[in-house]
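Enquirer: First the structure, which I've put down as structure tokens, then a few questions once you've had a look.
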Amino acid sequence: MENVVDHMRHSKERLYGRLMMIFGAAIWGLFAVGLVLAAVTGAYSVVAVLAVYIVYGLLIWLAIIIGKFLTRAYIYGHYVLIGPQQFPYLHQMVVEGAAAVKLPEAPKAFVYNSGGLINAFALRLIGGRYIWLTSALIDADTDAQVRFVIGHELGHHAAGHLDWRQNLLKLPGWIVPFLGAAYSRSRELTCDRVGAYLAQDLDAARSGLQVLACGSARLNSAMNPQAFEEQEAMVPPIAGFIVHIFSFYPRLSRRVEEVTRYFQPANPATS
């Protein structure tokens with residue numbers, strides 16, 4: 001099955017994703033070679049140290065699995081599951097979006113009381129794919145903007161960002177300074193493209209990002225996206241660069257600029 005998201009994958013994600021793969025495979029390989037050499041040469045103290053790391057790794061993996069089981073149990077009792085009989089218009093957005101990006105099945109989507117936090121999340125738990133939408137996000141966004149946000153989260157699933165095999169291979173790459181953060185930022189740019197593709201509405205895509213900055217439905221409806229986009233040029237170069245390289249998310253002004261460039265027919269995405 002063709003992965004339609006591959007056509008929307010940002011060039012920076014392609015680059016940083018490959019680097020994460022290369023560094024990850026190399027570090028895993030060195031670890032395996034070191035273990036074998038230590039065993040062959042009789043350096044059993046080294047083998048013992050490596051064995052301890054393996055045991056700790058397995059314990060961490062077990063803790064993650066248990067955490068996923070517990071999280072799944074919690075959300076069914078405390079969050080609201082979106083479905084044909086519960087917020088059917090949201091359910092339709094999820095189902096149609098999942099079909100458009102060729103996911104084998106629509107993720108289970110939930111709304112929960114966020115206490116004012118405007119956000120959304122994509123995650124893998126025991127039992128499949130999930131999307132969480134905060135109540136404040138639903139209140140602040142229009143239906144078109146919600147469709148963009150849902151599309152963004154579906155993009156994480158369709159682009160393989162939550163695939164445990166790929167993430168395990170790339171895991172050692174996170175120790176390379178700044179590489180993991182750059183890879184994380186590039187994935188967000190890819191998913192903004194997916195959200196814009198599913199929304200088919202540039203204004204909704206831009207305002208769906210802007211509301212994360214202003215946090216107000218009333219203010220967001222009156223925001224000038226061009227003026228907000230132009231703030232990107234006002235970011236101080238040196239301080240902005242330092243903040244940028246440590247951040248796991250791109251600047252919102254940059255994200256609006258990027259999604260505008262991608263969505264405009266006169267400027268087809270080639271980067």
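If you're wondering about the labels, chains in the structure tokens are A, B, ... by order shown, residues count from 1 in each chain, ligands from 1 in order shown.
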What parts of region 35-162 of chain A does DSSP call strand (DSSP E or B)? I'd like the answer as a list in words.

Expert: Val80, Leu81, Gly83, Gln86, Lys108, Ala109, Phe110, Val111, Tyr112, Ala120, Phe121, Ala122, Leu123, Arg124, Leu125, Gly128, Arg129, Tyr130, Ile131, Trp132, Leu133 and Thr134 of chain A

Enquirer: Name the residues in contact with region 240-245 of chain A at a cut-off of 9 Å, using only C-alpha atoms, excluding same-chain residues fewer than 4 positions from it; report them as an mmCIF file with C-alpha atoms, in the first residue's frame.

Expert:
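The new file result34.cif reads:
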```
data_model
loop_
_atom_site.group_PDB
_atom_site.id
_atom_site.type_symbol
_atom_site.label_atom_id
_atom_site.label_comp_id
_atom_site.auth_asym_id
_atom_site.auth_seq_id
_atom_site.Cartn_x
_atom_site.Cartn_y
_atom_site.Cartn_z
ATOM 1 C CA PHE A 178 21.049 18.458 18.739
ATOM 2 C CA LEU A 179 20.186 15.692 16.249
ATOM 3 C CA ALA A 181 15.697 17.796 18.612
ATOM 4 C CA ALA A 182 16.189 18.600 14.918
ATOM 5 C CA VAL A 235 13.333 36.725 15.769
ATOM 6 C CA PRO A 236 16.843 37.779 16.918
ATOM 7 C CA TYR A 249 9.105 21.945 18.264
ATOM 8 C CA PRO A 250 9.574 24.585 15.566
ATOM 9 C CA ARG A 251 8.594 28.156 16.321
#
```

Enquirer: How many Å separate CA of Ile75 (chain A) from CA of Gly215 (chain A)?

Expert: 25.0 Å

Enquirer: For Ser184 (chain A), which residue out of A:Leu50, A:Leu169, A:Ile82, A:Leu15 is the nearest one, using only C-alpha atoms?

Expert: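 So, comparing all the options, the nearest one is A:Leu15.
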
Enquirer: For the structure I just gave you, how does DSSP split region 54-264 of chain A - specifically, which residues are helix (DSSP H, G or I)? Reply as a PyMOL selection string.

Expert: chain A and resi 54-78+88-100+135-140+143-158+164-175+179-199+202-214+217-222+225-234+237-246+252-263

Enquirer: Excluding Tyr76 (chain A) and its own-chain neighbours fewer than 5 positions away, which residues fall within 12 Å of it when counting only C-alpha atoms? Please give them as a ChimeraX atom specification.

Expert: /A:69-71,81-82,108-112,130,132

Enquirer: Find the residue from A:Val5, A:Ala99, A:Ala204, A:Leu168 that sits nearest to Ile27 (chain A); use only C-alpha atoms when measuring.

Expert: A:Leu168

Enquirer: List the spatial neighbours of Ile65 (chain A) as number ranges by chain - criterion: any atom at most 12 Å away, only C-alpha atoms, same-chain residues fewer than 4 positions off excluded.

Expert: A: 58-61, 69-72, 124-127, 164

Enquirer: Keeping N, CA, C and O atoms for every residue in the selection just given, could you write it to a file as a PDB file, in the first residue's frame?

Expert:
```
ATOM      1  N   LEU A  58      15.929  -3.801  29.501  1.00  0.00           N
ATOM      2  CA  LEU A  58      14.740  -4.657  29.540  1.00  0.00           C
ATOM      3  C   LEU A  58      13.756  -4.200  30.618  1.00  0.00           C
ATOM      4  O   LEU A  58      12.535  -4.249  30.424  1.00  0.00           O
ATOM      5  N   LEU A  59      14.289  -3.754  31.752  1.00  0.00           N
ATOM      6  CA  LEU A  59      13.414  -3.258  32.819  1.00  0.00           C
ATOM      7  C   LEU A  59      12.688  -1.983  32.380  1.00  0.00           C
ATOM      8  O   LEU A  59      11.499  -1.810  32.682  1.00  0.00           O
ATOM      9  N   ILE A  60      13.411  -1.111  31.683  1.00  0.00           N
ATOM     10  CA  ILE A  60      12.774   0.112  31.174  1.00  0.00           C
ATOM     11  C   ILE A  60      11.687  -0.243  30.166  1.00  0.00           C
ATOM     12  O   ILE A  60      10.586   0.326  30.186  1.00  0.00           O
ATOM     13  N   TRP A  61      11.997  -1.190  29.272  1.00  0.00           N
ATOM     14  CA  TRP A  61      11.012  -1.641  28.279  1.00  0.00           C
ATOM     15  C   TRP A  61       9.780  -2.205  28.977  1.00  0.00           C
ATOM     16  O   TRP A  61       8.639  -1.911  28.593  1.00  0.00           O
ATOM     17  N   PHE A  69      -0.327  -0.178  29.391  1.00  0.00           N
ATOM     18  CA  PHE A  69      -1.516  -0.892  29.872  1.00  0.00           C
ATOM     19  C   PHE A  69      -2.304  -0.022  30.846  1.00  0.00           C
ATOM     20  O   PHE A  69      -3.537   0.080  30.763  1.00  0.00           O
ATOM     21  N   LEU A  70      -1.607   0.606  31.790  1.00  0.00           N
ATOM     22  CA  LEU A  70      -2.270   1.420  32.794  1.00  0.00           C
ATOM     23  C   LEU A  70      -2.900   2.673  32.175  1.00  0.00           C
ATOM     24  O   LEU A  70      -4.007   3.077  32.565  1.00  0.00           O
ATOM     25  N   THR A  71      -2.190   3.275  31.226  1.00  0.00           N
ATOM     26  CA  THR A  71      -2.737   4.453  30.548  1.00  0.00           C
ATOM     27  C   THR A  71      -4.012   4.105  29.793  1.00  0.00           C
ATOM     28  O   THR A  71      -5.004   4.842  29.848  1.00  0.00           O
ATOM     29  N   ARG A  72      -3.991   2.974  29.105  1.00  0.00           N
ATOM     30  CA  ARG A  72      -5.177   2.535  28.359  1.00  0.00           C
ATOM     31  C   ARG A  72      -6.350   2.314  29.314  1.00  0.00           C
ATOM     32  O   ARG A  72      -7.490   2.696  29.017  1.00  0.00           O
ATOM     33  N   ARG A 124       0.812   5.542  20.526  1.00  0.00           N
ATOM     34  CA  ARG A 124       0.536   4.108  20.393  1.00  0.00           C
ATOM     35  C   ARG A 124       0.449   3.514  21.785  1.00  0.00           C
ATOM     36  O   ARG A 124       1.339   3.700  22.605  1.00  0.00           O
ATOM     37  N   LEU A 125      -0.648   2.818  22.034  1.00  0.00           N
ATOM     38  CA  LEU A 125      -0.813   2.100  23.284  1.00  0.00           C
ATOM     39  C   LEU A 125      -1.119   0.647  22.972  1.00  0.00           C
ATOM     40  O   LEU A 125      -1.245   0.260  21.801  1.00  0.00           O
ATOM     41  N   ILE A 126      -1.230  -0.170  24.000  1.00  0.00           N
ATOM     42  CA  ILE A 126      -1.643  -1.543  23.795  1.00  0.00           C
ATOM     43  C   ILE A 126      -3.044  -1.518  23.193  1.00  0.00           C
ATOM     44  O   ILE A 126      -3.957  -0.922  23.734  1.00  0.00           O
ATOM     45  N   GLY A 127      -3.191  -2.141  22.060  1.00  0.00           N
ATOM     46  CA  GLY A 127      -4.501  -2.142  21.411  1.00  0.00           C
ATOM     47  C   GLY A 127      -4.595  -1.228  20.206  1.00  0.00           C
ATOM     48  O   GLY A 127      -5.650  -1.127  19.598  1.00  0.00           O
ATOM     49  N   TRP A 164       7.425   1.362  16.694  1.00  0.00           N
ATOM     50  CA  TRP A 164       8.408   1.014  17.729  1.00  0.00           C
ATOM     51  C   TRP A 164       9.687   0.440  17.133  1.00  0.00           C
ATOM     52  O   TRP A 164      10.774   0.617  17.701  1.00  0.00           O
TER      53      TRP A 164
END
```

Enquirer: CA of Glu153 (chain A) to CA of Ala217 (chain A): how many Å, to one decimal?

Expert: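 Pair CA of Glu153 (chain A) / CA of Ala217 (chain A) returns 20.6 Å.
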
Enquirer: Hey, can you check how far CA of Thr190 (chain A) sits from CA of Glu258 (chain A)?

Expert: 9.8 Å

Enquirer: List the neighbours of Asp201 (chain A) out to 8 Å using only C-alpha atoms; skip same-chain residues closer than 4 positions along the sequence, and give me the result as a ChimeraX atom specification.

Expert: /A:144,196,205

Enquirer: Would you mind telling me which residue in A:Phe148, A:Tyr16, A:Tyr56, A:Phe248 lies nearest to Glu188 (chain A) when using only C-alpha atoms?

Expert: A:Phe248

Enquirer: Write out as a list in words the residues lying within 9 Å of Arg9 (chain A), counting only C-alpha atoms and excluding same-chain residues fewer than 6 positions away.

Expert: Ala159, Ser186, Arg187, Leu189, Thr190, Cys191, Arg193, Val194 and Ser271 of chain A

Enquirer: Grab the residues selected above and save them as an mmCIF file, in the first residue's frame with N, CA, C and O atoms.

Expert:
```
data_model
loop_
_atom_site.group_PDB
_atom_site.id
_atom_site.type_symbol
_atom_site.label_atom_id
_atom_site.label_comp_id
_atom_site.auth_asym_id
_atom_site.auth_seq_id
_atom_site.Cartn_x
_atom_site.Cartn_y
_atom_site.Cartn_z
ATOM 1 N N ALA A 159 3.017 8.618 9.076
ATOM 2 C CA ALA A 159 4.428 8.818 8.720
ATOM 3 C C ALA A 159 5.359 7.858 9.447
ATOM 4 O O ALA A 159 6.575 7.881 9.232
ATOM 5 N N SER A 186 11.498 18.487 12.649
ATOM 6 C CA SER A 186 11.182 18.194 11.240
ATOM 7 C C SER A 186 9.931 17.334 11.112
ATOM 8 O O SER A 186 9.168 17.472 10.158
ATOM 9 N N ARG A 187 9.700 16.449 12.070
ATOM 10 C CA ARG A 187 8.496 15.624 12.040
ATOM 11 C C ARG A 187 7.247 16.495 12.187
ATOM 12 O O ARG A 187 6.210 16.222 11.552
ATOM 13 N N LEU A 189 6.896 19.555 11.120
ATOM 14 C CA LEU A 189 6.680 20.222 9.842
ATOM 15 C C LEU A 189 6.001 19.285 8.846
ATOM 16 O O LEU A 189 5.122 19.702 8.083
ATOM 17 N N THR A 190 6.395 18.025 8.863
ATOM 18 C CA THR A 190 5.742 17.040 8.003
ATOM 19 C C THR A 190 4.259 16.918 8.354
ATOM 20 O O THR A 190 3.382 16.928 7.480
ATOM 21 N N CYS A 191 3.964 16.816 9.635
ATOM 22 C CA CYS A 191 2.571 16.611 10.058
ATOM 23 C C CYS A 191 1.715 17.851 9.846
ATOM 24 O O CYS A 191 0.501 17.725 9.618
ATOM 25 N N ARG A 193 1.991 19.607 7.201
ATOM 26 C CA ARG A 193 1.634 19.429 5.794
ATOM 27 C C ARG A 193 0.466 18.456 5.649
ATOM 28 O O ARG A 193 -0.451 18.684 4.854
ATOM 29 N N VAL A 194 0.505 17.375 6.415
ATOM 30 C CA VAL A 194 -0.585 16.398 6.352
ATOM 31 C C VAL A 194 -1.891 17.046 6.817
ATOM 32 O O VAL A 194 -2.948 16.848 6.200
ATOM 33 N N SER A 271 10.635 21.129 -0.983
ATOM 34 C CA SER A 271 11.645 21.025 0.074
ATOM 35 C C SER A 271 11.161 20.133 1.180
ATOM 36 O O SER A 271 10.002 19.795 1.258
#
```

Enquirer: Neighbours of Ile150 (chain A) within 10 Å (only C-alpha atoms; same-chain residues fewer than 6 positions away dropped), as a list in words?

Expert: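 The filter keeps Leu90, Met93, Val94, Gly97, Ala98, Ala109, Ala120, Phe121, Ala122, Ile131, Trp132, Leu133, Ala144, Cys191, Val194, Gly195, Leu198 and Ala199 of chain A.
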
Enquirer: Would you mind exporting all heavy atoms of the selected residues as a CSV table (one decimal), in the first residue's frame?

Expert:
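Generated output (part.csv):
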```csv
chain,number,residue,atom,x,y,z
A,90,LEU,N,-16.9,14.7,14.9
A,90,LEU,CA,-15.5,14.5,15.1
A,90,LEU,C,-15.1,13.1,14.7
A,90,LEU,O,-14.0,12.9,14.1
A,90,LEU,CB,-15.2,14.7,16.6
A,90,LEU,CG,-15.3,16.1,17.2
A,90,LEU,CD1,-15.1,16.1,18.7
A,90,LEU,CD2,-14.4,17.1,16.5
A,93,MET,N,-14.5,13.1,11.0
A,93,MET,CA,-13.3,13.7,10.6
A,93,MET,C,-12.1,12.7,10.8
A,93,MET,O,-11.2,12.6,9.9
A,93,MET,CB,-13.0,14.9,11.5
A,93,MET,CG,-13.9,16.1,11.3
A,93,MET,SD,-13.4,17.5,12.4
A,93,MET,CE,-14.7,18.6,12.2
A,94,VAL,N,-12.1,12.0,11.9
A,94,VAL,CA,-11.0,11.0,12.1
A,94,VAL,C,-11.1,9.9,11.1
A,94,VAL,O,-10.0,9.5,10.5
A,94,VAL,CB,-11.1,10.4,13.5
A,94,VAL,CG1,-10.1,9.3,13.7
A,94,VAL,CG2,-10.9,11.5,14.6
A,97,GLY,N,-10.2,11.2,7.6
A,97,GLY,CA,-8.8,11.6,7.5
A,97,GLY,C,-7.9,10.3,7.5
A,97,GLY,O,-6.9,10.3,6.7
A,98,ALA,N,-8.2,9.3,8.3
A,98,ALA,CA,-7.4,8.1,8.3
A,98,ALA,C,-7.5,7.4,7.0
A,98,ALA,O,-6.5,6.8,6.5
A,98,ALA,CB,-8.0,7.2,9.4
A,109,ALA,N,-10.1,7.9,19.0
A,109,ALA,CA,-9.9,9.3,19.4
A,109,ALA,C,-10.7,9.6,20.7
A,109,ALA,O,-11.8,9.1,20.9
A,109,ALA,CB,-10.4,10.2,18.2
A,120,ALA,N,-3.1,18.6,21.3
A,120,ALA,CA,-3.5,17.3,20.8
A,120,ALA,C,-2.3,16.4,20.7
A,120,ALA,O,-1.2,16.9,20.6
A,120,ALA,CB,-4.2,17.4,19.4
A,121,PHE,N,-2.6,15.1,20.8
A,121,PHE,CA,-1.5,14.1,20.9
A,121,PHE,C,-1.8,12.9,20.1
A,121,PHE,O,-3.0,12.5,20.0
A,121,PHE,CB,-1.3,13.7,22.4
A,121,PHE,CG,-1.0,14.8,23.3
A,121,PHE,CD1,-2.1,15.4,24.0
A,121,PHE,CD2,0.2,15.4,23.5
A,121,PHE,CE1,-2.0,16.4,24.9
A,121,PHE,CE2,0.4,16.4,24.4
A,121,PHE,CZ,-0.7,17.0,25.1
A,122,ALA,N,-0.8,12.3,19.5
A,122,ALA,CA,-0.9,11.0,18.8
A,122,ALA,C,0.0,10.1,19.6
A,122,ALA,O,1.1,10.4,20.0
A,122,ALA,CB,-0.4,11.1,17.4
A,131,ILE,N,-5.6,9.0,19.4
A,131,ILE,CA,-5.5,10.4,19.3
A,131,ILE,C,-6.2,11.0,20.5
A,131,ILE,O,-7.3,10.6,20.8
A,131,ILE,CB,-6.1,10.9,18.0
A,131,ILE,CG1,-5.2,10.6,16.7
A,131,ILE,CG2,-6.2,12.5,18.0
A,131,ILE,CD1,-5.9,10.9,15.4
A,132,TRP,N,-5.5,12.0,21.1
A,132,TRP,CA,-6.2,12.7,22.2
A,132,TRP,C,-6.4,14.2,21.8
A,132,TRP,O,-5.4,14.8,21.3
A,132,TRP,CB,-5.3,12.7,23.5
A,132,TRP,CG,-5.2,11.3,24.1
A,132,TRP,CD1,-5.8,10.1,23.7
A,132,TRP,CD2,-4.3,11.0,25.2
A,132,TRP,NE1,-5.4,9.1,24.5
A,132,TRP,CE2,-4.5,9.6,25.4
A,132,TRP,CE3,-3.4,11.7,26.0
A,132,TRP,CZ2,-3.8,8.9,26.4
A,132,TRP,CZ3,-2.8,11.0,27.0
A,132,TRP,CH2,-2.9,9.6,27.2
A,133,LEU,N,-7.6,14.7,22.0
A,133,LEU,CA,-7.8,16.1,21.7
A,133,LEU,C,-8.3,16.7,23.1
A,133,LEU,O,-9.1,16.2,23.8
A,133,LEU,CB,-9.0,16.2,20.7
A,133,LEU,CG,-8.8,15.5,19.4
A,133,LEU,CD1,-10.1,15.6,18.6
A,133,LEU,CD2,-7.7,16.1,18.6
A,144,ALA,N,-13.1,23.4,10.8
A,144,ALA,CA,-12.0,23.3,9.8
A,144,ALA,C,-10.7,23.3,10.5
A,144,ALA,O,-9.8,22.5,10.1
A,144,ALA,CB,-12.1,24.5,8.8
A,191,CYS,N,4.0,16.8,9.6
A,191,CYS,CA,2.6,16.6,10.1
A,191,CYS,C,1.7,17.9,9.8
A,191,CYS,O,0.5,17.7,9.6
A,191,CYS,CB,2.5,16.1,11.5
A,191,CYS,SG,3.2,14.5,11.7
A,194,VAL,N,0.5,17.4,6.4
A,194,VAL,CA,-0.6,16.4,6.4
A,194,VAL,C,-1.9,17.0,6.8
A,194,VAL,O,-2.9,16.8,6.2
A,194,VAL,CB,-0.3,15.2,7.2
A,194,VAL,CG1,-1.4,14.2,7.2
A,194,VAL,CG2,1.0,14.5,6.7
A,195,GLY,N,-1.8,17.8,7.9
A,195,GLY,CA,-3.0,18.5,8.4
A,195,GLY,C,-3.6,19.5,7.3
A,195,GLY,O,-4.8,19.5,7.1
A,198,LEU,N,-5.3,17.5,4.5
A,198,LEU,CA,-6.6,17.0,4.9
A,198,LEU,C,-7.6,18.1,5.1
A,198,LEU,O,-8.8,17.9,4.8
A,198,LEU,CB,-6.5,16.1,6.2
A,198,LEU,CG,-5.8,14.8,6.0
A,198,LEU,CD1,-5.7,14.0,7.3
A,198,LEU,CD2,-6.3,13.9,4.9
A,199,ALA,N,-7.2,19.2,5.6
A,199,ALA,CA,-8.1,20.3,5.8
A,199,ALA,C,-8.5,21.0,4.5
A,199,ALA,O,-9.6,21.5,4.3
A,199,ALA,CB,-7.5,21.4,6.7
```
